[in-house]
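Novice: The structure's right below; bear with me while I get my questions together.
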Amino acid sequence: LVERARRLVERQAATERERANLSRYFSPNLVDELAHTDQPLGPTRQQVVAVLFADVVGFTRMAEQLSPPAVIELLRELHGRMQDVVFAHRGTVDKYIGDAMMATFGTPVAGPSDASDALAAAIGLHDAIARWNATRATRGEAPVRIGIGVHHGPVVLGDIGGASRLEFAVLGDPVNVASRLEHATRVLESPIVASDAIVQAARAESVAGSDAALARFAPGPAQA
């Protein structure tokens with residue numbers, strides 16, 4: 001009986017560790033589903049997803065004026081706020097790249113509102129950083145400005161890497177375009193740049209609240 005109880009406790013502890021690891025990457029509504037499958041991310045496949053890139057404008061210059069511990073603390077605060085917004089809109093944090101973040105909507109499982117969720121998350125990120133900047137101002141700290149690019153299209157999903165180090169990857173042209181749209185925020189002097197593809201996809205989804213989100217966008221000039 002003691003041995004059986006010990007094994008049960010060990011299994012419960014292992015399950016909680018797995019759930020904790022999943023919750024670092026996936027929104028809470030997906031953790032329950034993924035925690036009970038042997039292959040949570042599924043086989044290599046192609047599917048349509050929304051991709052979001054967010055990056056701090058002028059981060060190198062900002063970091064040069066801070067101590068190393070202050071830089072790490074800044075990134076932790078930034079990433080924490082970004083993660084909360086992405087998860088609140090049923091997204092997945094794909095990776096952090098220094099001060100930048102890549103998030104996807106519709107991974108590992110496509111949903112009926114992926115494009116709308118991505119646009120809402122982009123607006124949510126912008127608004128969350130604005131609130132954070134208001135708090136930073138009361139502490140005499142410089143504001144943080146981010147650029148956000150959002151796109152929608154078919155990508156390839158699957159594990160890449162070696163046997164001892166795997167990473168679930170989202171690959172394809174939509175990823176590159178989303179990154180370039182984020183860079184275009186500097187040229188267009190807009191905090192968010194969304195492709196026509198994701199705007200049209202969001203309109204087609206007809207999700208409650210998507211009209212309000214789309215109303216905050218205006219057409220821009222064509223970009224190479």
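Chain labels A, B, ... are given in the sequence in which chains occur in the structure tokens; within each chain residues are numbered consecutively from 1, and ligands are likewise numbered from 1 in the order shown.
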Extract, using only C-alpha atoms, all DNA, RNA and protein residues at most 12 Å from Val93 in chain A, discarding same-chain residues fewer than 3 positions from it, and format them as a ChimeraX atom specification.
Specialist: /A:22-27,51-54,79-90,96-97,100-108,118,121,168-170
Novice: My list of candidates is A:Ala50, A:Ile123, A:Ala184, A:Ala178. Which is closest to Phe217 in chain A when distances are computed with only C-alpha atoms?
Specialist: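 With only C-alpha atoms as the atom set, the closest residue is A:Ile123.
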Novice: Kindly give the distance, in Å, that separates CA of Ala215 in chain A and CA of Ala137 in chain A, rounded to a single decimal.
Specialist: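 Computing it gives 29.1 Å between the two atoms.
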Novice: Based on DSSP run over this structure's backbone, return all residues of range 32-152 of chain A in alpha helix (DSSP H), as JSON, numbers by chain.
Specialist: {"A": [32, 33, 34, 35, 59, 60, 61, 62, 63, 64, 68, 69, 70, 71, 72, 73, 74, 75, 76, 77, 78, 79, 80, 81, 82, 83, 84, 85, 86, 87, 88, 114, 115, 116, 117, 118, 119, 120, 121, 122, 123, 124, 125, 126, 127, 128, 129, 130, 131, 132, 133, 134, 135, 136, 137, 138]}
Novice: So how many Å separate CA of Asp114 in chain A and CA of Ile146 in chain A, to one decimal?
Specialist: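 Those two atoms sit 22.0 Å apart.
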Novice: Calculated over only C-alpha atoms, which of the candidates A:Ala202, A:Val193, A:Val144, A:Ala115 has the smallest distance to Val57 in chain A?
Specialist: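 Selected residue with least distance to Val57 in chain A: A:Val144.
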Novice: Record the distance separating CA of Ala110 in chain A and CA of Lys95 in chain A, expressed in Å with one decimal.
Specialist: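 A separation of 18.8 Å between them.
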Novice: Could you find all residues in range 48-204 of chain A that DSSP calls strand (DSSP E or B) from the backbone, and write them as a ChimeraX atom specification?
Specialist: /A:48-56,92-97,100-105,146-162,165-171,192-194
Novice: Grab the residues selected above and save them as a compact mmCIF listing (two decimals), in the first residue's frame with N, CA and C atoms.
Specialist:
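Output contents, as saved in again-v6.txt:
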```
# COMPACT_ATOMS: atom_id res chain seq x y z
N VAL A 48 -3.10 26.65 -41.83
CA VAL A 48 -3.16 28.11 -41.86
C VAL A 48 -3.17 28.65 -40.43
N VAL A 49 -2.28 29.59 -40.16
CA VAL A 49 -2.20 30.18 -38.83
C VAL A 49 -2.01 31.70 -38.97
N ALA A 50 -2.15 32.38 -37.86
CA ALA A 50 -1.81 33.80 -37.78
C ALA A 50 -0.48 33.92 -37.03
N VAL A 51 0.38 34.79 -37.51
CA VAL A 51 1.71 34.98 -36.91
C VAL A 51 1.86 36.43 -36.50
N LEU A 52 2.38 36.65 -35.29
CA LEU A 52 2.57 37.99 -34.75
C LEU A 52 4.01 38.15 -34.30
N PHE A 53 4.64 39.23 -34.70
CA PHE A 53 5.96 39.61 -34.20
C PHE A 53 5.84 40.93 -33.46
N ALA A 54 6.47 41.01 -32.29
CA ALA A 54 6.53 42.26 -31.53
C ALA A 54 7.98 42.50 -31.13
N ASP A 55 8.44 43.73 -31.30
CA ASP A 55 9.84 44.05 -31.06
C ASP A 55 9.94 45.44 -30.46
N VAL A 56 10.89 45.62 -29.54
CA VAL A 56 11.10 46.93 -28.93
C VAL A 56 11.87 47.82 -29.90
N THR A 92 -0.16 31.25 -28.79
CA THR A 92 0.99 30.49 -28.32
C THR A 92 2.24 31.34 -28.47
N VAL A 93 3.03 31.43 -27.41
CA VAL A 93 4.33 32.09 -27.51
C VAL A 93 5.29 31.12 -28.18
N ASP A 94 5.67 31.42 -29.42
CA ASP A 94 6.58 30.54 -30.15
C ASP A 94 8.00 30.68 -29.62
N LYS A 95 8.47 31.91 -29.47
CA LYS A 95 9.82 32.13 -28.94
C LYS A 95 10.03 33.59 -28.59
N TYR A 96 10.98 33.82 -27.68
CA TYR A 96 11.51 35.15 -27.41
C TYR A 96 12.86 35.25 -28.11
N ILE A 97 13.10 36.37 -28.79
CA ILE A 97 14.37 36.60 -29.48
C ILE A 97 14.92 37.90 -28.92
N ALA A 100 12.49 40.75 -28.65
CA ALA A 100 11.37 40.48 -29.56
C ALA A 100 10.63 39.21 -29.14
N MET A 101 9.40 39.08 -29.65
CA MET A 101 8.59 37.90 -29.39
C MET A 101 7.88 37.49 -30.67
N MET A 102 7.84 36.18 -30.90
CA MET A 102 7.02 35.63 -31.98
C MET A 102 5.90 34.82 -31.36
N ALA A 103 4.69 35.10 -31.76
CA ALA A 103 3.52 34.36 -31.26
C ALA A 103 2.70 33.87 -32.43
N THR A 104 2.01 32.77 -32.23
CA THR A 104 1.15 32.21 -33.27
C THR A 104 -0.25 31.96 -32.72
N PHE A 105 -1.20 32.00 -33.62
CA PHE A 105 -2.60 31.79 -33.27
C PHE A 105 -3.16 30.75 -34.25
N ILE A 146 7.03 49.66 -28.81
CA ILE A 146 7.14 48.40 -29.55
C ILE A 146 6.48 48.54 -30.92
N GLY A 147 6.99 47.76 -31.87
CA GLY A 147 6.37 47.62 -33.18
C GLY A 147 5.80 46.22 -33.29
N ILE A 148 4.64 46.09 -33.93
CA ILE A 148 3.94 44.80 -34.02
C ILE A 148 3.54 44.56 -35.47
N GLY A 149 3.90 43.38 -35.99
CA GLY A 149 3.49 42.97 -37.32
C GLY A 149 2.65 41.71 -37.25
N VAL A 150 1.58 41.64 -38.03
CA VAL A 150 0.66 40.49 -37.99
C VAL A 150 0.33 40.05 -39.40
N HIS A 151 0.38 38.73 -39.63
CA HIS A 151 0.09 38.17 -40.96
C HIS A 151 -0.66 36.85 -40.79
N HIS A 152 -1.17 36.32 -41.89
CA HIS A 152 -2.02 35.11 -41.86
C HIS A 152 -1.77 34.31 -43.11
N GLY A 153 -1.54 32.98 -42.97
CA GLY A 153 -1.31 32.16 -44.15
C GLY A 153 -0.86 30.76 -43.79
N PRO A 154 -0.61 29.93 -44.81
CA PRO A 154 -0.22 28.54 -44.58
C PRO A 154 1.25 28.41 -44.17
N VAL A 155 1.50 27.63 -43.12
CA VAL A 155 2.85 27.37 -42.63
C VAL A 155 3.02 25.86 -42.45
N VAL A 156 4.26 25.46 -42.23
CA VAL A 156 4.57 24.07 -41.91
C VAL A 156 4.86 23.99 -40.42
N LEU A 157 4.24 23.03 -39.74
CA LEU A 157 4.44 22.81 -38.31
C LEU A 157 5.13 21.47 -38.10
N GLY A 158 6.08 21.44 -37.17
CA GLY A 158 6.73 20.17 -36.86
C GLY A 158 7.96 20.36 -36.00
N ASP A 159 8.47 19.26 -35.48
CA ASP A 159 9.67 19.29 -34.65
C ASP A 159 10.90 19.39 -35.53
N ILE A 160 11.85 20.24 -35.13
CA ILE A 160 13.16 20.31 -35.77
C ILE A 160 14.23 20.19 -34.69
N GLY A 161 15.44 19.89 -35.13
CA GLY A 161 16.54 19.74 -34.19
C GLY A 161 17.07 18.33 -34.16
N GLY A 162 18.00 18.06 -33.24
CA GLY A 162 18.57 16.74 -33.08
C GLY A 162 17.83 15.92 -32.06
N ARG A 165 17.75 17.58 -28.60
CA ARG A 165 17.24 18.94 -28.45
C ARG A 165 16.26 19.24 -29.59
N LEU A 166 14.97 19.12 -29.28
CA LEU A 166 13.93 19.36 -30.26
C LEU A 166 13.24 20.69 -29.99
N GLU A 167 12.73 21.27 -31.06
CA GLU A 167 11.95 22.50 -30.94
C GLU A 167 10.77 22.41 -31.90
N PHE A 168 9.59 22.75 -31.40
CA PHE A 168 8.41 22.78 -32.27
C PHE A 168 8.49 24.05 -33.10
N ALA A 169 8.56 23.91 -34.41
CA ALA A 169 8.81 25.05 -35.29
C ALA A 169 7.61 25.37 -36.14
N VAL A 170 7.45 26.66 -36.41
CA VAL A 170 6.45 27.17 -37.36
C VAL A 170 7.25 27.84 -38.47
N LEU A 171 7.20 27.27 -39.68
CA LEU A 171 8.06 27.71 -40.77
C LEU A 171 7.24 28.08 -42.00
N ILE A 192 1.34 49.28 -35.12
CA ILE A 192 0.91 47.96 -35.61
C ILE A 192 0.75 48.03 -37.13
N VAL A 193 1.30 47.03 -37.82
CA VAL A 193 1.07 46.89 -39.25
C VAL A 193 0.53 45.48 -39.49
N ALA A 194 -0.66 45.41 -40.06
CA ALA A 194 -1.30 44.12 -40.34
C ALA A 194 -1.45 43.96 -41.85
```
Novice: Quick one: of A:Pro191, A:Gly172, A:Gly91, A:Gly209, who's nearest to Ala130 in chain A, counting only C-alpha atoms?
Specialist: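 Using only C-alpha atoms, the shortest distance to Ala130 in chain A belongs to A:Pro191.
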Novice: Using only C-alpha atoms, find the one residue out of A:Ala63, A:Val109, A:Val31, A:Leu119 that sits nearest to Arg203 in chain A.
Specialist: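 Among the listed residues, the smallest separation from Arg203 in chain A belongs to A:Leu119.
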